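Colleague: The structure that follows is given in the form of structure tokens.
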Amino acid sequence: MRPHKSPALVIAFLLAAFAALWSAASIGAPPRSKTAPTSAAILPEKRRAEVTNAWQKWRIENLLPALMRRTGIDMWLVMNREYAEDPVYFTLVPQPIMYSGGQVVLIFHDRGPEAGVELFCSAPHGVPGYKNIWRPRVGAQMQNLADFLRLKNPQRIGINASPTWPLADGLTASQRDKLAMALGTELSTRLTSAENLCVGWQETRSPQELSAYKDLCRLGHEIIAEFFSNGVIMPEVTTADEVAWWIRDRVNALGLETWFQPSVDIVRPKDRAAKSPPNDGVIRRGDVLHCDFGIKYLGLCTDMQWQAYVLERGEAEVPAGIRKALDNANRMADLFLAEFKEGRKGREIRDAALAGIAAAGLKGSIYTHPLGFYGHAAGCTIDSRDPAGIDEGNIPKWEYSLYLNTVYSIEFSCSTPVPEWGGEELRIGYEEDALYAEGVCRFIGLHQTEFLVIR
């Protein structure tokens with residue numbers, strides 16, 4: 001005969017079990033699972049610097065000359081002051097440089113296909129890999145630069161000033177004024193916007209970076225599978241906000257970083273939403289969960305949105321109508337990716353994709369953006385939203401063309417009526433990372449074809 005357990009002992013046991021479950025579902029050290037990424041696969045900081053510095057050297061030697069010639073710029077100036085570094089500056093200087101030591105100018109001089117691109121800098125402390133032209137003449141750094149430019153006699157001097165691309169607009173007004181004054185009237189007429197060079201430099205990926213993106217996407221998918229599980233979420237207890245902060249802690253513990261605050265959204269039909277306590281953010285059974293999440297590793301960004309479903313008691317699988325919504329989103333993705341063609345403008349890809357989507361009887365909106373050194377990067381912009389309400393109606397972004405060896409966040413929404421919700425539409429926010437190379441746009445790793453399930 002088993003010994004009799006007192007009610008007090010039973011209650012204490014239940015409370016302890018609940019506390020353990022709550023701990024697993026709350027912010028803190030998460031339980032490990034078969035899908036959890038291991039920190040052993042993530043490089044230590046010194047090794048990361050060695051890897052990215054080697055990539056950078058290859059990029060400057062192999063990508064930059066062709067990009068300068070494509071854009072017709074034979075001298076490119078990247079000008080910085082500490083606390084006001086140009087957005088492209090850190091993509092051009094080796095680690096462990098983490099700030100501009102005083103006023104630093106990077107100078108790239110293209111002497112043609114035979115002689116190649118020379119690298120110079122004007123910097124009080126120099127920049128590794130660049131020949132320093134700085135001379136200790138008090139208050140005359142710009143004059144030294146002007147003397148150097150007259151000696152080299154470039155025809156088109158690219159500066160990072162752009163009304164279209166923030167990532168190509170790093171030259172401050174005061175620095176531009178000082179440069180123009182030092183150059184004088186004649187040489188200043190050769191100044192031109194380097195916006196297309198900045199964009200080309202930032203959007204074009206090297207073979208090494210394209211290979212690394214497979215690992216980045218794998219890491220992102222593993223982290224999503226970890227937090228959209230019962231290892232982190234306890235239905236009727238855990239809140240969406242707790243999961244979002246759990247993600248931040250998990251990413252930091254792995255030695256990675258998020259480039260924006262992760263989010264977890266709860267989607268439920270209106271009748272169920274009306275019966276739920278307002279604004280408590282608790283994840284409940286029958287909810288569809290949607291995340292928006294991106295990491296930065298080895299200087300490159302990812303951006304993903306996946307969906308999960310919390311089973312009702314007695315449910316063995318995701319309801320058919322909800323699964324259909326994700327199926328439709330994947331049909332939309334196939335139609336969309338098929339319209340990526342080299343040389344097409346962003347608006348042309350958008351228009352062709354929307355026509356195919358409408359012909360297939362699907363309902364959706366597109367807001368795709370490039371990825372790379374930044375999450376919302378510069379490059380071919382494919383967006384069906386009204387430009388008047390985005391970036392002050394910056395329509396020129398929609399006119400930029402598609403180039404090879406570029407990476408995109410394939411981001412869109414697809415809405416589908418769900419019979420189990422009384423015909424109410426479920427909007428799937430879909431986002432996955434893809435590569436455009438060899439004339440084909442394809443997902444870099446996995447893309448979501450089935451809901452993640454929380455029981």
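Ligands are numbered from 1 in the order shown, residues from 1 within each chain, and chains are lettered A, B, ... in the order they appear in the structure tokens.
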Might you pull out every residue within 8 Å of range 418-421 of chain A, with only C-alpha atoms counted and same-chain residues fewer than 4 positions away left off, and present them as an NGL selection string?
Modeller: :A and (269 or 319 or 321-322 or 325 or 425-426)
Colleague: Any chance you can output those residues with C-alpha atoms as a PDB file, in the first residue's frame?
Modeller:
ATOM      1  CA  PRO A 269     -11.138  36.087 -34.210  1.00  0.00           C
ATOM      2  CA  PRO A 319      -7.596  23.692 -38.077  1.00  0.00           C
ATOM      3  CA  GLY A 321      -8.897  26.840 -42.532  1.00  0.00           C
ATOM      4  CA  ILE A 322      -5.915  28.225 -40.652  1.00  0.00           C
ATOM      5  CA  ALA A 325      -4.115  30.638 -44.917  1.00  0.00           C
ATOM      6  CA  GLU A 425      -9.954  36.723 -42.614  1.00  0.00           C
ATOM      7  CA  LEU A 426      -6.638  35.589 -41.178  1.00  0.00           C
TER       8      LEU A 426
END
Colleague: For range 406-414 of chain A, list every protein, DNA or RNA residue within 7 Å, evaluated using only C-alpha atoms, and leave out those in the same chain fewer than 2 positions away; present the list as a ChimeraX atom specification.
Modeller: /A:203-205,303,329,363-372,403-404,416,427-436
Colleague: Would you mind writing down, as JSON, numbers by chain, each residue of range 224-329 of chain A that DSSP on the backbone assigns to helix (DSSP H, G or I)?
Modeller: {"A": [224, 225, 226, 227, 240, 241, 242, 243, 244, 245, 246, 247, 248, 249, 250, 251, 252, 253, 270, 271, 272, 273, 274, 275, 320, 321, 322, 323, 324, 325, 326, 327, 328, 329]}
Colleague: Mind dumping the selected residues with N, CA and C atoms as a JSON list (two decimals), in the first residue's frame?
Modeller:
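Written out: result.json:
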[["chain", "number", "residue", "atom", "x", "y", "z"],
["A", 224, "ILE", "N", 13.63, 30.69, -33.51],
["A", 224, "ILE", "CA", 12.17, 30.77, -33.63],
["A", 224, "ILE", "C", 11.53, 29.48, -33.16],
["A", 225, "ALA", "N", 12.07, 28.32, -33.59],
["A", 225, "ALA", "CA", 11.51, 27.04, -33.17],
["A", 225, "ALA", "C", 11.61, 26.86, -31.66],
["A", 226, "GLU", "N", 12.60, 27.48, -31.06],
["A", 226, "GLU", "CA", 12.77, 27.37, -29.61],
["A", 226, "GLU", "C", 11.73, 28.20, -28.86],
["A", 227, "PHE", "N", 11.51, 29.45, -29.29],
["A", 227, "PHE", "CA", 10.57, 30.26, -28.50],
["A", 227, "PHE", "C", 9.11, 30.01, -28.87],
["A", 240, "ALA", "N", 2.71, 37.65, -24.50],
["A", 240, "ALA", "CA", 3.49, 37.90, -25.72],
["A", 240, "ALA", "C", 4.70, 38.77, -25.41],
["A", 241, "ASP", "N", 4.55, 39.73, -24.53],
["A", 241, "ASP", "CA", 5.67, 40.61, -24.19],
["A", 241, "ASP", "C", 6.78, 39.84, -23.49],
["A", 242, "GLU", "N", 6.42, 38.88, -22.65],
["A", 242, "GLU", "CA", 7.44, 38.06, -21.99],
["A", 242, "GLU", "C", 8.23, 37.26, -23.02],
["A", 243, "VAL", "N", 7.57, 36.75, -24.05],
["A", 243, "VAL", "CA", 8.27, 35.99, -25.08],
["A", 243, "VAL", "C", 9.23, 36.91, -25.85],
["A", 244, "ALA", "N", 8.76, 38.12, -26.15],
["A", 244, "ALA", "CA", 9.62, 39.05, -26.89],
["A", 244, "ALA", "C", 10.91, 39.34, -26.12],
["A", 245, "TRP", "N", 10.80, 39.56, -24.81],
["A", 245, "TRP", "CA", 12.00, 39.83, -24.02],
["A", 245, "TRP", "C", 12.82, 38.58, -23.79],
["A", 246, "TRP", "N", 12.16, 37.42, -23.74],
["A", 246, "TRP", "CA", 12.90, 36.16, -23.68],
["A", 246, "TRP", "C", 13.80, 36.03, -24.91],
["A", 247, "ILE", "N", 13.28, 36.42, -26.07],
["A", 247, "ILE", "CA", 14.06, 36.35, -27.31],
["A", 247, "ILE", "C", 15.31, 37.22, -27.19],
["A", 248, "ARG", "N", 15.14, 38.45, -26.69],
["A", 248, "ARG", "CA", 16.29, 39.34, -26.52],
["A", 248, "ARG", "C", 17.35, 38.69, -25.62],
["A", 249, "ASP", "N", 16.90, 38.12, -24.49],
["A", 249, "ASP", "CA", 17.85, 37.50, -23.57],
["A", 249, "ASP", "C", 18.52, 36.29, -24.21],
["A", 250, "ARG", "N", 17.77, 35.51, -24.94],
["A", 250, "ARG", "CA", 18.33, 34.31, -25.57],
["A", 250, "ARG", "C", 19.38, 34.69, -26.61],
["A", 251, "VAL", "N", 19.07, 35.66, -27.44],
["A", 251, "VAL", "CA", 20.00, 36.09, -28.47],
["A", 251, "VAL", "C", 21.28, 36.64, -27.84],
["A", 252, "ASN", "N", 21.12, 37.45, -26.80],
["A", 252, "ASN", "CA", 22.30, 38.00, -26.12],
["A", 252, "ASN", "C", 23.14, 36.89, -25.50],
["A", 253, "ALA", "N", 22.48, 35.88, -24.92],
["A", 253, "ALA", "CA", 23.21, 34.76, -24.30],
["A", 253, "ALA", "C", 24.01, 33.97, -25.32],
["A", 270, "LYS", "N", -12.61, 37.97, -33.86],
["A", 270, "LYS", "CA", -13.19, 39.06, -33.09],
["A", 270, "LYS", "C", -14.06, 38.58, -31.94],
["A", 271, "ASP", "N", -14.82, 37.51, -32.14],
["A", 271, "ASP", "CA", -15.71, 37.07, -31.06],
["A", 271, "ASP", "C", -14.91, 36.56, -29.86],
["A", 272, "ARG", "N", -13.79, 35.87, -30.12],
["A", 272, "ARG", "CA", -12.94, 35.42, -29.01],
["A", 272, "ARG", "C", -12.21, 36.58, -28.39],
["A", 273, "ALA", "N", -11.76, 37.54, -29.21],
["A", 273, "ALA", "CA", -11.06, 38.70, -28.69],
["A", 273, "ALA", "C", -11.96, 39.50, -27.76],
["A", 274, "ALA", "N", -13.26, 39.58, -28.11],
["A", 274, "ALA", "CA", -14.20, 40.35, -27.28],
["A", 274, "ALA", "C", -14.39, 39.71, -25.91],
["A", 275, "LYS", "N", -14.21, 38.39, -25.81],
["A", 275, "LYS", "CA", -14.41, 37.68, -24.54],
["A", 275, "LYS", "C", -13.15, 37.64, -23.69],
["A", 320, "ALA", "N", -8.05, 23.25, -40.40],
["A", 320, "ALA", "CA", -7.80, 23.25, -41.85],
["A", 320, "ALA", "C", -7.83, 24.66, -42.43],
["A", 321, "GLY", "N", -8.79, 25.49, -41.99],
["A", 321, "GLY", "CA", -8.90, 26.84, -42.53],
["A", 321, "GLY", "C", -7.68, 27.70, -42.21],
["A", 322, "ILE", "N", -7.11, 27.48, -41.04],
["A", 322, "ILE", "CA", -5.91, 28.23, -40.65],
["A", 322, "ILE", "C", -4.71, 27.73, -41.45],
["A", 323, "ARG", "N", -4.62, 26.41, -41.64],
["A", 323, "ARG", "CA", -3.53, 25.88, -42.47],
["A", 323, "ARG", "C", -3.64, 26.41, -43.90],
["A", 324, "LYS", "N", -4.87, 26.55, -44.39],
["A", 324, "LYS", "CA", -5.08, 27.06, -45.75],
["A", 324, "LYS", "C", -4.52, 28.46, -45.91],
["A", 325, "ALA", "N", -4.63, 29.27, -44.86],
["A", 325, "ALA", "CA", -4.11, 30.64, -44.92],
["A", 325, "ALA", "C", -2.61, 30.64, -45.15],
["A", 326, "LEU", "N", -1.87, 29.74, -44.50],
["A", 326, "LEU", "CA", -0.42, 29.66, -44.71],
["A", 326, "LEU", "C", -0.12, 29.08, -46.09],
["A", 327, "ASP", "N", -0.93, 28.11, -46.53],
["A", 327, "ASP", "CA", -0.74, 27.57, -47.88],
["A", 327, "ASP", "C", -0.88, 28.67, -48.94],
["A", 328, "ASN", "N", -1.88, 29.53, -48.76],
["A", 328, "ASN", "CA", -2.08, 30.63, -49.71],
["A", 328, "ASN", "C", -0.90, 31.60, -49.69],
["A", 329, "ALA", "N", -0.35, 31.84, -48.49],
["A", 329, "ALA", "CA", 0.81, 32.72, -48.39],
["A", 329, "ALA", "C", 2.00, 32.13, -49.15]]
Colleague: I need the residue nearest Glu209 in chain A from this list: A:Pro235, A:Gly255, A:Gly299, A:Gly346. Use only C-alpha atoms for the distance.
Modeller: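 The shortest atom-to-atom distance to Glu209 in chain A comes from A:Gly299.
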Colleague: As an exercise, work out the distance from CA of Leu77 in chain A to CA of Ile107 in chain A in Å and give it to one decimal place.
Modeller: 4.9 Å
Colleague: Among range 260-434 of chain A, which residues does DSSP mark as strand (DSSP E or B) when it is run on the backbone? Keep the chain and numbering as in the structure and answer as a VMD selection string.
Modeller: chain A and resid 263 to 267 282 288 to 293 295 to 297 300 to 301 304 to 305 307 to 310 345 364 to 371 382 to 383 401 406 to 417 425 to 434
Colleague: Between A:Gly129, A:Gly200, A:Gly375, A:Pro166, single out the one closest to Met304 in chain A, counting only C-alpha atoms.
Modeller: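 Result for the nearest residue to Met304 in chain A: A:Gly375.
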Colleague: Have a look at CA of Pro154 in chain A and CA of Leu187 in chain A and let me know their distance in Å, one decimal.
Modeller: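 About the pair CA of Pro154 in chain A and CA of Leu187 in chain A: they are 9.0 Å apart.
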Colleague: Would you please work out which residue, of A:Pro128, A:Pro44, A:Gly158, A:Gly343, is nearest to Asp74 in chain A when using only C-alpha atoms?
Modeller: A:Gly158
